[in-house]
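Data file: input11.pdb. Format and content: PDB, C-alpha atoms (C1' of nucleotides).
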ATOM      1  CA  MET A   1     -41.543 213.429  85.295  1.00  0.00           C
ATOM      2  CA  ALA A   2     -41.106 209.736  85.910  1.00  0.00           C
ATOM      3  CA  ALA A   3     -38.996 207.800  83.457  1.00  0.00           C
ATOM      4  CA  ALA A   4     -41.080 206.272  80.731  1.00  0.00           C
ATOM      5  CA  LYS A   5     -41.395 202.554  80.986  1.00  0.00           C
ATOM      6  CA  THR A   6     -40.822 200.515  77.898  1.00  0.00           C
ATOM      7  CA  SER A   7     -42.419 197.137  77.488  1.00  0.00           C
ATOM      8  CA  THR A   8     -39.161 195.723  76.233  1.00  0.00           C
ATOM      9  CA  VAL A   9     -35.766 196.274  77.810  1.00  0.00           C
ATOM     10  CA  ARG A  10     -33.279 197.184  75.103  1.00  0.00           C
ATOM     11  CA  PRO A  11     -29.605 196.366  75.410  1.00  0.00           C
ATOM     12  CA  ASP A  12     -27.106 199.231  75.487  1.00  0.00           C
ATOM     13  CA  PRO A  13     -26.587 200.382  71.856  1.00  0.00           C
ATOM     14  CA  ASN A  14     -22.851 200.669  72.453  1.00  0.00           C
ATOM     15  CA  TYR A  15     -22.747 197.064  73.630  1.00  0.00           C
ATOM     16  CA  VAL A  16     -24.668 195.888  70.569  1.00  0.00           C
ATOM     17  CA  ALA A  17     -22.305 197.819  68.303  1.00  0.00           C
ATOM     18  CA  GLU A  18     -19.279 196.276  70.020  1.00  0.00           C
ATOM     19  CA  VAL A  19     -20.651 192.742  69.593  1.00  0.00           C
ATOM     20  CA  VAL A  20     -21.342 193.367  65.907  1.00  0.00           C
ATOM     21  CA  THR A  21     -17.873 194.834  65.373  1.00  0.00           C
ATOM     22  CA  ARG A  22     -16.177 191.872  67.030  1.00  0.00           C
ATOM     23  CA  LEU A  23     -18.295 189.356  65.134  1.00  0.00           C
ATOM     24  CA  LYS A  24     -17.299 191.045  61.871  1.00  0.00           C
ATOM     25  CA  GLU A  25     -13.635 190.803  62.875  1.00  0.00           C
ATOM     26  CA  ALA A  26     -14.006 187.149  63.897  1.00  0.00           C
ATOM     27  CA  HIS A  27     -15.932 186.109  60.769  1.00  0.00           C
ATOM     28  CA  PRO A  28     -14.969 188.422  57.883  1.00  0.00           C
ATOM     29  CA  ASP A  29     -16.024 185.716  55.419  1.00  0.00           C
ATOM     30  CA  ALA A  30     -19.477 185.100  56.899  1.00  0.00           C
ATOM     31  CA  HIS A  31     -22.000 184.387  54.162  1.00  0.00           C
ATOM     32  CA  CYS A  32     -24.917 182.155  53.209  1.00  0.00           C
ATOM     33  CA  GLU A  33     -23.513 178.620  53.025  1.00  0.00           C
ATOM     34  CA  LEU A  34     -26.337 176.989  51.110  1.00  0.00           C
ATOM     35  CA  ASN A  35     -25.176 176.104  47.585  1.00  0.00           C
ATOM     36  CA  TYR A  36     -27.363 177.280  44.677  1.00  0.00           C
ATOM     37  CA  GLU A  37     -27.219 178.665  41.172  1.00  0.00           C
ATOM     38  CA  THR A  38     -30.730 180.030  40.678  1.00  0.00           C
ATOM     39  CA  PRO A  39     -33.340 181.792  42.833  1.00  0.00           C
ATOM     40  CA  LEU A  40     -35.490 178.654  42.715  1.00  0.00           C
ATOM     41  CA  GLN A  41     -32.602 176.542  43.972  1.00  0.00           C
ATOM     42  CA  LEU A  42     -31.977 178.829  46.949  1.00  0.00           C
ATOM     43  CA  LEU A  43     -35.681 178.866  47.806  1.00  0.00           C
ATOM     44  CA  LEU A  44     -35.887 175.069  47.717  1.00  0.00           C
ATOM     45  CA  ALA A  45     -32.571 174.584  49.547  1.00  0.00           C
ATOM     46  CA  THR A  46     -33.837 176.869  52.292  1.00  0.00           C
ATOM     47  CA  ILE A  47     -37.103 174.943  52.587  1.00  0.00           C
ATOM     48  CA  LEU A  48     -35.042 171.749  52.912  1.00  0.00           C
ATOM     49  CA  SER A  49     -32.770 173.326  55.549  1.00  0.00           C
ATOM     50  CA  ALA A  50     -35.451 173.221  58.254  1.00  0.00           C
ATOM     51  CA  GLN A  51     -34.032 171.355  61.265  1.00  0.00           C
ATOM     52  CA  CYS A  52     -31.105 170.138  59.154  1.00  0.00           C
ATOM     53  CA  THR A  53     -27.494 171.231  58.797  1.00  0.00           C
ATOM     54  CA  ASP A  54     -26.587 173.200  55.685  1.00  0.00           C
ATOM     55  CA  VAL A  55     -23.805 170.665  55.077  1.00  0.00           C
ATOM     56  CA  ARG A  56     -26.384 167.914  54.697  1.00  0.00           C
ATOM     57  CA  VAL A  57     -28.587 170.081  52.469  1.00  0.00           C
ATOM     58  CA  ASN A  58     -25.577 170.765  50.227  1.00  0.00           C
ATOM     59  CA  LYS A  59     -24.878 167.028  49.941  1.00  0.00           C
ATOM     60  CA  THR A  60     -28.497 166.435  48.934  1.00  0.00           C
ATOM     61  CA  THR A  61     -29.231 169.245  46.481  1.00  0.00           C
ATOM     62  CA  PRO A  62     -26.756 168.522  43.620  1.00  0.00           C
ATOM     63  CA  ALA A  63     -28.500 165.289  42.630  1.00  0.00           C
ATOM     64  CA  LEU A  64     -31.886 166.868  43.291  1.00  0.00           C
ATOM     65  CA  PHE A  65     -31.243 169.873  41.039  1.00  0.00           C
ATOM     66  CA  GLU A  66     -29.794 167.644  38.344  1.00  0.00           C
ATOM     67  CA  LYS A  67     -32.836 165.375  38.292  1.00  0.00           C
ATOM     68  CA  TYR A  68     -35.261 168.316  38.403  1.00  0.00           C
ATOM     69  CA  PRO A  69     -33.703 171.205  36.428  1.00  0.00           C
ATOM     70  CA  ASP A  70     -36.617 173.646  36.639  1.00  0.00           C
ATOM     71  CA  VAL A  71     -39.962 174.475  38.258  1.00  0.00           C
ATOM     72  CA  LYS A  72     -41.868 172.427  35.725  1.00  0.00           C
ATOM     73  CA  ALA A  73     -39.805 169.318  36.469  1.00  0.00           C
ATOM     74  CA  PHE A  74     -40.498 169.663  40.194  1.00  0.00           C
ATOM     75  CA  ALA A  75     -44.187 170.313  39.525  1.00  0.00           C
ATOM     76  CA  GLU A  76     -44.529 167.133  37.476  1.00  0.00           C
ATOM     77  CA  ALA A  77     -42.247 164.951  39.609  1.00  0.00           C
ATOM     78  CA  ASP A  78     -43.357 161.605  40.961  1.00  0.00           C
ATOM     79  CA  ILE A  79     -43.897 162.401  44.640  1.00  0.00           C
ATOM     80  CA  THR A  80     -42.381 159.114  45.841  1.00  0.00           C
ATOM     81  CA  GLU A  81     -39.201 159.711  43.842  1.00  0.00           C
ATOM     82  CA  LEU A  82     -39.028 163.268  45.118  1.00  0.00           C
ATOM     83  CA  GLU A  83     -39.401 162.003  48.695  1.00  0.00           C
ATOM     84  CA  GLU A  84     -36.438 159.664  48.235  1.00  0.00           C
ATOM     85  CA  MET A  85     -34.310 162.493  46.832  1.00  0.00           C
ATOM     86  CA  VAL A  86     -34.890 164.774  49.839  1.00  0.00           C
ATOM     87  CA  ARG A  87     -34.981 162.003  52.448  1.00  0.00           C
ATOM     88  CA  PRO A  88     -31.542 162.652  54.009  1.00  0.00           C
ATOM     89  CA  THR A  89     -32.660 166.131  55.083  1.00  0.00           C
ATOM     90  CA  GLY A  90     -35.328 164.745  57.403  1.00  0.00           C
ATOM     91  CA  PHE A  91     -39.083 165.490  57.508  1.00  0.00           C
ATOM     92  CA  TYR A  92     -38.889 164.120  53.975  1.00  0.00           C
ATOM     93  CA  ARG A  93     -42.553 163.461  53.214  1.00  0.00           C
ATOM     94  CA  MET A  94     -43.579 166.929  54.288  1.00  0.00           C
ATOM     95  CA  LYS A  95     -40.611 168.612  52.606  1.00  0.00           C
ATOM     96  CA  ALA A  96     -41.204 166.794  49.289  1.00  0.00           C
ATOM     97  CA  GLN A  97     -44.826 167.851  49.387  1.00  0.00           C
ATOM     98  CA  ARG A  98     -43.913 171.471  50.158  1.00  0.00           C
ATOM     99  CA  VAL A  99     -41.269 171.595  47.419  1.00  0.00           C
ATOM    100  CA  GLN A 100     -43.714 170.306  44.820  1.00  0.00           C
ATOM    101  CA  GLU A 101     -46.622 172.451  45.982  1.00  0.00           C
ATOM    102  CA  THR A 102     -44.409 175.549  45.994  1.00  0.00           C
ATOM    103  CA  CYS A 103     -43.160 174.814  42.460  1.00  0.00           C
ATOM    104  CA  ARG A 104     -46.680 174.222  41.168  1.00  0.00           C
ATOM    105  CA  ARG A 105     -47.824 177.572  42.538  1.00  0.00           C
ATOM    106  CA  ILE A 106     -44.777 179.383  41.137  1.00  0.00           C
ATOM    107  CA  LEU A 107     -45.586 177.818  37.777  1.00  0.00           C
ATOM    108  CA  THR A 108     -49.283 178.649  37.745  1.00  0.00           C
ATOM    109  CA  GLU A 109     -49.377 181.936  39.648  1.00  0.00           C
ATOM    110  CA  TYR A 110     -45.976 183.550  39.190  1.00  0.00           C
ATOM    111  CA  ASP A 111     -45.162 182.689  35.587  1.00  0.00           C
ATOM    112  CA  GLY A 112     -42.439 180.289  36.692  1.00  0.00           C
ATOM    113  CA  GLU A 113     -40.418 182.946  38.533  1.00  0.00           C
ATOM    114  CA  VAL A 114     -39.701 183.074  42.267  1.00  0.00           C
ATOM    115  CA  PRO A 115     -41.669 186.077  43.595  1.00  0.00           C
ATOM    116  CA  ASP A 116     -39.715 188.966  45.131  1.00  0.00           C
ATOM    117  CA  GLU A 117     -42.393 190.266  47.485  1.00  0.00           C
ATOM    118  CA  MET A 118     -42.674 189.202  51.127  1.00  0.00           C
ATOM    119  CA  GLU A 119     -46.437 188.678  50.946  1.00  0.00           C
ATOM    120  CA  ASP A 120     -46.137 186.408  47.903  1.00  0.00           C
ATOM    121  CA  LEU A 121     -43.280 184.399  49.401  1.00  0.00           C
ATOM    122  CA  LEU A 122     -45.185 183.876  52.657  1.00  0.00           C
ATOM    123  CA  SER A 123     -48.118 182.457  50.698  1.00  0.00           C
ATOM    124  CA  LEU A 124     -45.958 179.588  49.448  1.00  0.00           C
ATOM    125  CA  SER A 125     -46.070 176.156  51.057  1.00  0.00           C
ATOM    126  CA  GLY A 126     -43.307 175.712  53.624  1.00  0.00           C
ATOM    127  CA  VAL A 127     -42.254 179.360  53.505  1.00  0.00           C
ATOM    128  CA  ALA A 128     -42.467 181.554  56.613  1.00  0.00           C
ATOM    129  CA  ARG A 129     -40.461 184.641  57.586  1.00  0.00           C
ATOM    130  CA  LYS A 130     -37.136 182.867  57.999  1.00  0.00           C
ATOM    131  CA  THR A 131     -37.162 181.414  54.486  1.00  0.00           C
ATOM    132  CA  ALA A 132     -38.704 184.541  52.945  1.00  0.00           C
ATOM    133  CA  ASN A 133     -36.013 186.701  54.556  1.00  0.00           C
ATOM    134  CA  VAL A 134     -33.288 184.445  53.156  1.00  0.00           C
ATOM    135  CA  VAL A 135     -34.651 184.763  49.609  1.00  0.00           C
ATOM    136  CA  LEU A 136     -35.281 188.523  49.821  1.00  0.00           C
ATOM    137  CA  GLY A 137     -31.863 189.178  51.344  1.00  0.00           C
ATOM    138  CA  GLU A 138     -29.679 186.842  49.307  1.00  0.00           C
ATOM    139  CA  ILE A 139     -31.341 187.009  45.894  1.00  0.00           C
ATOM    140  CA  PHE A 140     -33.217 190.257  45.598  1.00  0.00           C
ATOM    141  CA  ASN A 141     -31.081 192.437  47.870  1.00  0.00           C
ATOM    142  CA  LYS A 142     -34.168 193.829  49.581  1.00  0.00           C
ATOM    143  CA  ALA A 143     -34.275 192.303  53.035  1.00  0.00           C
ATOM    144  CA  GLU A 144     -37.348 193.324  54.998  1.00  0.00           C
ATOM    145  CA  GLY A 145     -36.198 191.732  58.208  1.00  0.00           C
ATOM    146  CA  VAL A 146     -33.644 189.507  59.888  1.00  0.00           C
ATOM    147  CA  VAL A 147     -33.248 185.775  59.304  1.00  0.00           C
ATOM    148  CA  VAL A 148     -33.899 184.114  62.661  1.00  0.00           C
ATOM    149  CA  ASP A 149     -32.850 180.486  62.723  1.00  0.00           C
ATOM    150  CA  THR A 150     -31.821 178.314  65.655  1.00  0.00           C
ATOM    151  CA  HIS A 151     -28.344 179.899  65.900  1.00  0.00           C
ATOM    152  CA  VAL A 152     -29.605 183.475  65.671  1.00  0.00           C
ATOM    153  CA  LYS A 153     -32.200 182.615  68.287  1.00  0.00           C
ATOM    154  CA  ARG A 154     -29.699 181.040  70.701  1.00  0.00           C
ATOM    155  CA  LEU A 155     -27.008 183.718  70.418  1.00  0.00           C
ATOM    156  CA  SER A 156     -29.457 186.625  70.464  1.00  0.00           C
ATOM    157  CA  ASN A 157     -30.620 185.382  73.842  1.00  0.00           C
ATOM    158  CA  LYS A 158     -27.069 184.820  75.085  1.00  0.00           C
ATOM    159  CA  PHE A 159     -25.979 188.351  74.182  1.00  0.00           C
ATOM    160  CA  GLY A 160     -29.152 189.796  75.682  1.00  0.00           C
ATOM    161  CA  PHE A 161     -30.368 191.140  72.339  1.00  0.00           C
ATOM    162  CA  THR A 162     -33.796 189.731  73.186  1.00  0.00           C
ATOM    163  CA  THR A 163     -35.599 187.881  75.955  1.00  0.00           C
ATOM    164  CA  TYR A 164     -38.057 186.137  73.665  1.00  0.00           C
ATOM    165  CA  THR A 165     -38.054 182.586  72.305  1.00  0.00           C
ATOM    166  CA  ASP A 166     -40.615 183.327  69.566  1.00  0.00           C
ATOM    167  CA  PRO A 167     -38.665 183.892  66.310  1.00  0.00           C
ATOM    168  CA  VAL A 168     -41.020 186.630  65.128  1.00  0.00           C
ATOM    169  CA  LYS A 169     -40.552 188.628  68.338  1.00  0.00           C
ATOM    170  CA  ILE A 170     -36.791 188.023  68.250  1.00  0.00           C
ATOM    171  CA  GLU A 171     -36.708 189.348  64.694  1.00  0.00           C
ATOM    172  CA  LYS A 172     -38.581 192.478  65.762  1.00  0.00           C
ATOM    173  CA  ASP A 173     -36.113 193.082  68.602  1.00  0.00           C
ATOM    174  CA  LEU A 174     -33.132 192.631  66.289  1.00  0.00           C
ATOM    175  CA  MET A 175     -34.622 195.015  63.718  1.00  0.00           C
ATOM    176  CA  ALA A 176     -34.888 197.605  66.481  1.00  0.00           C
ATOM    177  CA  ILE A 177     -31.270 197.406  67.649  1.00  0.00           C
ATOM    178  CA  ILE A 178     -29.365 196.507  64.463  1.00  0.00           C
ATOM    179  CA  SER A 179     -28.960 199.098  61.719  1.00  0.00           C
ATOM    180  CA  GLN A 180     -30.854 198.104  58.583  1.00  0.00           C
ATOM    181  CA  GLU A 181     -27.687 197.888  56.500  1.00  0.00           C
ATOM    182  CA  ASP A 182     -26.566 195.030  58.777  1.00  0.00           C
ATOM    183  CA  TRP A 183     -29.826 193.023  58.753  1.00  0.00           C
ATOM    184  CA  VAL A 184     -28.482 190.453  56.320  1.00  0.00           C
ATOM    185  CA  LYS A 185     -24.974 190.436  57.758  1.00  0.00           C
ATOM    186  CA  ILE A 186     -25.978 189.956  61.397  1.00  0.00           C
ATOM    187  CA  SER A 187     -27.609 186.624  60.596  1.00  0.00           C
ATOM    188  CA  HIS A 188     -24.545 185.400  58.703  1.00  0.00           C
ATOM    189  CA  LEU A 189     -22.346 186.474  61.622  1.00  0.00           C
ATOM    190  CA  LEU A 190     -24.456 184.850  64.331  1.00  0.00           C
ATOM    191  CA  ILE A 191     -24.829 181.652  62.284  1.00  0.00           C
ATOM    192  CA  PHE A 192     -21.072 181.442  61.629  1.00  0.00           C
ATOM    193  CA  HIS A 193     -20.294 182.128  65.276  1.00  0.00           C
ATOM    194  CA  GLY A 194     -22.955 179.683  66.414  1.00  0.00           C
ATOM    195  CA  ARG A 195     -21.560 176.924  64.221  1.00  0.00           C
ATOM    196  CA  ARG A 196     -17.836 177.447  64.684  1.00  0.00           C
ATOM    197  CA  VAL A 197     -17.437 178.844  68.194  1.00  0.00           C
ATOM    198  CA  CYS A 198     -20.618 179.102  70.242  1.00  0.00           C
ATOM    199  CA  SER A 199     -22.285 175.791  69.474  1.00  0.00           C
ATOM    200  CA  ALA A 200     -25.353 174.692  71.379  1.00  0.00           C
ATOM    201  CA  ARG A 201     -23.772 171.527  72.739  1.00  0.00           C
ATOM    202  CA  LYS A 202     -20.360 172.872  73.659  1.00  0.00           C
ATOM    203  CA  PRO A 203     -19.694 176.621  73.490  1.00  0.00           C
ATOM    204  CA  ASP A 204     -15.941 177.140  73.082  1.00  0.00           C
ATOM    205  CA  CYS A 205     -15.614 180.172  75.361  1.00  0.00           C
ATOM    206  CA  ALA A 206     -11.839 179.726  75.686  1.00  0.00           C
ATOM    207  CA  ASN A 207     -11.443 180.456  71.977  1.00  0.00           C
ATOM    208  CA  CYS A 208     -14.181 183.087  71.683  1.00  0.00           C
ATOM    209  CA  SER A 209     -13.096 186.649  70.887  1.00  0.00           C
ATOM    210  CA  LEU A 210     -16.231 187.957  72.619  1.00  0.00           C
ATOM    211  CA  GLU A 211     -15.737 186.051  75.861  1.00  0.00           C
ATOM    212  CA  ASP A 212     -14.842 189.129  77.928  1.00  0.00           C
ATOM    213  CA  ILE A 213     -18.071 190.913  76.973  1.00  0.00           C
ATOM    214  CA  CYS A 214     -20.402 187.894  76.871  1.00  0.00           C
ATOM    215  CA  PRO A 215     -23.021 187.742  79.632  1.00  0.00           C
ATOM    216  CA  ALA A 216     -23.220 183.980  79.164  1.00  0.00           C
ATOM    217  CA  SER A 217     -19.504 183.203  79.311  1.00  0.00           C
ATOM    218  CA  GLU A 218     -18.871 179.818  80.866  1.00  0.00           C
ATOM    219  CA  LEU A 219     -15.409 180.858  82.054  1.00  0.00           C
ATOM    220  CA  LYS A 220     -16.613 183.121  84.860  1.00  0.00           C
ATOM    221  CA  LYS A 221     -19.036 180.657  86.398  1.00  0.00           C
TER     222      LYS A 221
ATOM    223  C1'  DA B 222     -48.151 172.434  72.304  1.00  0.00           C
ATOM    224  C1'  DT B 223     -47.305 168.965  68.992  1.00  0.00           C
ATOM    225  C1'  DC B 224     -45.958 166.804  64.881  1.00  0.00           C
ATOM    226  C1'  DC B 225     -42.861 166.004  61.076  1.00  0.00           C
ATOM    227  C1'  DC B 226     -37.916 162.880  60.457  1.00  0.00           C
ATOM    228  C1'  DG B 227     -32.952 161.670  59.408  1.00  0.00           C
ATOM    229  C1'  DA B 228     -28.105 161.834  60.618  1.00  0.00           C
ATOM    230  C1'  DG B 229     -24.020 163.267  63.184  1.00  0.00           C
ATOM    231  C1'  DG B 230     -21.748 164.586  67.629  1.00  0.00           C
ATOM    232  C1'  DG B 231     -20.849 164.255  72.451  1.00  0.00           C
TER     233       DG B 231
ATOM    234  C1'  DC C 232     -28.274 157.266  74.724  1.00  0.00           C
ATOM    235  C1'  DC C 233     -29.784 162.341  74.198  1.00  0.00           C
ATOM    236  C1'  DC C 234     -29.297 166.735  71.830  1.00  0.00           C
ATOM    237  C1'  DT C 235     -29.027 169.459  67.805  1.00  0.00           C
ATOM    238  C1'  DC C 236     -29.512 171.012  63.074  1.00  0.00           C
ATOM    239  C1'  DT C 237     -30.160 178.159  58.836  1.00  0.00           C
ATOM    240  C1'  DG C 238     -38.618 175.667  60.626  1.00  0.00           C
ATOM    241  C1'  DG C 239     -43.271 175.497  59.463  1.00  0.00           C
ATOM    242  C1'  DA C 240     -48.129 174.119  59.795  1.00  0.00           C
ATOM    243  C1'  DT C 241     -51.777 172.316  62.561  1.00  0.00           C
TER     244       DT C 241
END
I need this file expressed as structure tokens, please.
Amino acid sequence: MAAAKTSTVRPDPNYVAEVVTRLKEAHPDAHCELNYETPLQLLLATILSAQCTDVRVNKTTPALFEKYPDVKAFAEADITELEEMVRPTGFYRMKAQRVQETCRRILTEYDGEVPDEMEDLLSLSGVARKTANVVLGEIFNKAEGVVVDTHVKRLSNKFGFTTYTDPVKIEKDLMAIISQEDWVKISHLLIFHGRRVCSARKPDCANCSLEDICPASELKK
DNA sequence: ATCCCGAGGG
DNA sequence: CCCTCTGGAT
């Protein structure tokens, strides 16, 4: 019988396990770096983090969360003032609108509480799988997938975990090769590694503990 | 595929 | 200057 063809080429499970093990050793403190105190604050911080560094989000949110202490305050905020508050994070008009629209819907449809179901989260303005996965994983401890941001996307391709560029397809590939108990952790690890070692502009292969097993190592070119 | 948008790094 | 940053909606 001829070998069954699969539509997607999977990386060697042993290789994947080795990469995960080494990432855990390299970044034992990997965690979500967005600052927040409430579920609402994490949801909003994550919406603001689109195409923006978490460092900049963290410099923006303290004043924002002080001025608007709860969902109601965001729902009733003057949109121009809200725009100015979120301006440093970029895409500020759209983000202000999404933040307010999301808070209004949480107020009117979810009794003021951030929903803990994927379907409900995805129905919110400015919330797609990446943001929903962050909230489900960090707050409710019930991740239904893997957070795929720009770092996870870049490194997943470098390590050969996926061949796709579409975040949804990348997430599906990762869910197939990473054990479910590591779904939250793998994103933290890839994001930490992507920021500190394997940056997009200048990957520091000389100081990377995975250099010898990395298909994209710059040192052997 | 394109738009939204500012700020820092190389 | 150009690229990148925990994306999402049209």
Exercise: segment 210-217 of chain A partners within 8 Å, only C-alpha atoms (C1' of nucleotides), chain neighbours under 3 positions left out, as a PDB file with C-alpha atoms, in the coordinates of the input:
ATOM      1  CA  VAL A  19     -20.651 192.742  69.593  1.00  0.00           C
ATOM      2  CA  ARG A  22     -16.177 191.872  67.030  1.00  0.00           C
ATOM      3  CA  LEU A  23     -18.295 189.356  65.134  1.00  0.00           C
ATOM      4  CA  LYS A 158     -27.069 184.820  75.085  1.00  0.00           C
ATOM      5  CA  PHE A 159     -25.979 188.351  74.182  1.00  0.00           C
ATOM      6  CA  GLY A 160     -29.152 189.796  75.682  1.00  0.00           C
ATOM      7  CA  CYS A 205     -15.614 180.172  75.361  1.00  0.00           C
ATOM      8  CA  ALA A 206     -11.839 179.726  75.686  1.00  0.00           C
ATOM      9  CA  LYS A 220     -16.613 183.121  84.860  1.00  0.00           C
ATOM     10  CA  LYS A 221     -19.036 180.657  86.398  1.00  0.00           C
TER      11      LYS A 221
END
Expand the PyMOL selection byres ((chain B) within 10 of (chain A)) into the explicit residue set it covers here, and present it as a compact mmCIF listing (two decimals) with C-alpha atoms (C1' of nucleotides), in the frame of the given file.
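In the end it all went to part_5.txt:
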# COMPACT_ATOMS: atom_id res chain seq x y z
C1' DC B 225 -42.86 166.00 61.08
C1' DC B 226 -37.92 162.88 60.46
C1' DG B 227 -32.95 161.67 59.41
C1' DA B 228 -28.10 161.83 60.62
C1' DG B 229 -24.02 163.27 63.18
C1' DG B 230 -21.75 164.59 67.63
C1' DG B 231 -20.85 164.26 72.45
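Residue list for chain C within 10 Å of chain A: DC234, DT235, DC236, DT237, DG238, DG239 and DA240 of chain C, counting all atoms listed in the file.
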Residues selected by the PyMOL selection byres ((chain A and resi 30) around 7), written as a ChimeraX atom specification: /A:27-29,31,188-189,192
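For the atom pair formed by atom CA of Glu113 of chain A and atom CA of Leu40 of chain A, the distance is 7.8 Å, given to one decimal.
Between atom CA of Glu144 of chain A and atom CA of Glu117 of chain A the separation is 9.6 Å.
Separating atom CA of Asn207 of chain A from atom CA of Lys185 of chain A is a distance of 22.0 Å.
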Reference answer for the PyMOL selection byres ((chain A and resi 85) around 12), as an MDAnalysis selection string: chainID A and resid 48 57 59:68 74 77:84 86:90 92:93 95:96 99
Kindly add all heavy atoms to the incomplete segment 55-61 of chain A and provide the output as a PDB file, in the coordinates of the input.
ATOM      1  N   VAL A  55     -24.718 171.630  55.688  1.00  0.00           N
ATOM      2  CA  VAL A  55     -23.805 170.665  55.077  1.00  0.00           C
ATOM      3  C   VAL A  55     -24.595 169.510  54.466  1.00  0.00           C
ATOM      4  O   VAL A  55     -24.333 169.076  53.335  1.00  0.00           O
ATOM      5  CB  VAL A  55     -22.801 170.112  56.122  1.00  0.00           C
ATOM      6  CG1 VAL A  55     -21.968 168.991  55.521  1.00  0.00           C
ATOM      7  CG2 VAL A  55     -21.903 171.230  56.620  1.00  0.00           C
ATOM      8  N   ARG A  56     -25.583 169.026  55.196  1.00  0.00           N
ATOM      9  CA  ARG A  56     -26.384 167.914  54.697  1.00  0.00           C
ATOM     10  C   ARG A  56     -27.257 168.339  53.521  1.00  0.00           C
ATOM     11  O   ARG A  56     -27.439 167.594  52.563  1.00  0.00           O
ATOM     12  CB  ARG A  56     -27.267 167.353  55.820  1.00  0.00           C
ATOM     13  CG  ARG A  56     -28.134 166.196  55.393  1.00  0.00           C
ATOM     14  CD  ARG A  56     -28.365 165.233  56.519  1.00  0.00           C
ATOM     15  NE  ARG A  56     -27.135 164.667  57.011  1.00  0.00           N
ATOM     16  CZ  ARG A  56     -26.465 163.692  56.407  1.00  0.00           C
ATOM     17  NH1 ARG A  56     -26.915 163.165  55.286  1.00  0.00           N
ATOM     18  NH2 ARG A  56     -25.353 163.251  56.916  1.00  0.00           N
ATOM     19  N   VAL A  57     -27.796 169.560  53.588  1.00  0.00           N
ATOM     20  CA  VAL A  57     -28.587 170.081  52.469  1.00  0.00           C
ATOM     21  C   VAL A  57     -27.717 170.142  51.217  1.00  0.00           C
ATOM     22  O   VAL A  57     -28.129 169.722  50.132  1.00  0.00           O
ATOM     23  CB  VAL A  57     -29.152 171.485  52.791  1.00  0.00           C
ATOM     24  CG1 VAL A  57     -29.823 172.086  51.556  1.00  0.00           C
ATOM     25  CG2 VAL A  57     -30.145 171.410  53.941  1.00  0.00           C
ATOM     26  N   ASN A  58     -26.486 170.629  51.370  1.00  0.00           N
ATOM     27  CA  ASN A  58     -25.577 170.765  50.227  1.00  0.00           C
ATOM     28  C   ASN A  58     -25.152 169.413  49.653  1.00  0.00           C
ATOM     29  O   ASN A  58     -24.745 169.335  48.491  1.00  0.00           O
ATOM     30  CB  ASN A  58     -24.346 171.577  50.627  1.00  0.00           C
ATOM     31  CG  ASN A  58     -24.663 173.048  50.810  1.00  0.00           C
ATOM     32  OD1 ASN A  58     -25.641 173.564  50.269  1.00  0.00           O
ATOM     33  ND2 ASN A  58     -23.854 173.738  51.598  1.00  0.00           N
ATOM     34  N   LYS A  59     -25.218 168.354  50.450  1.00  0.00           N
ATOM     35  CA  LYS A  59     -24.878 167.028  49.941  1.00  0.00           C
ATOM     36  C   LYS A  59     -26.079 166.432  49.208  1.00  0.00           C
ATOM     37  O   LYS A  59     -25.939 165.513  48.398  1.00  0.00           O
ATOM     38  CB  LYS A  59     -24.483 166.095  51.102  1.00  0.00           C
ATOM     39  CG  LYS A  59     -23.089 166.377  51.636  1.00  0.00           C
ATOM     40  CD  LYS A  59     -22.815 165.689  52.957  1.00  0.00           C
ATOM     41  CE  LYS A  59     -22.661 164.192  52.814  1.00  0.00           C
ATOM     42  NZ  LYS A  59     -22.317 163.573  54.123  1.00  0.00           N
ATOM     43  N   THR A  60     -27.257 166.968  49.504  1.00  0.00           N
ATOM     44  CA  THR A  60     -28.497 166.435  48.934  1.00  0.00           C
ATOM     45  C   THR A  60     -28.921 167.145  47.647  1.00  0.00           C
ATOM     46  O   THR A  60     -29.443 166.518  46.728  1.00  0.00           O
ATOM     47  CB  THR A  60     -29.632 166.562  49.966  1.00  0.00           C
ATOM     48  OG1 THR A  60     -29.229 165.945  51.185  1.00  0.00           O
ATOM     49  CG2 THR A  60     -30.901 165.899  49.454  1.00  0.00           C
ATOM     50  N   THR A  61     -28.687 168.456  47.594  1.00  0.00           N
ATOM     51  CA  THR A  61     -29.231 169.245  46.481  1.00  0.00           C
ATOM     52  C   THR A  61     -28.596 169.020  45.100  1.00  0.00           C
ATOM     53  O   THR A  61     -29.324 169.155  44.099  1.00  0.00           O
ATOM     54  CB  THR A  61     -29.199 170.748  46.813  1.00  0.00           C
ATOM     55  OG1 THR A  61     -27.912 171.107  47.324  1.00  0.00           O
ATOM     56  CG2 THR A  61     -30.274 171.083  47.834  1.00  0.00           C
TER      57      THR A  61
END
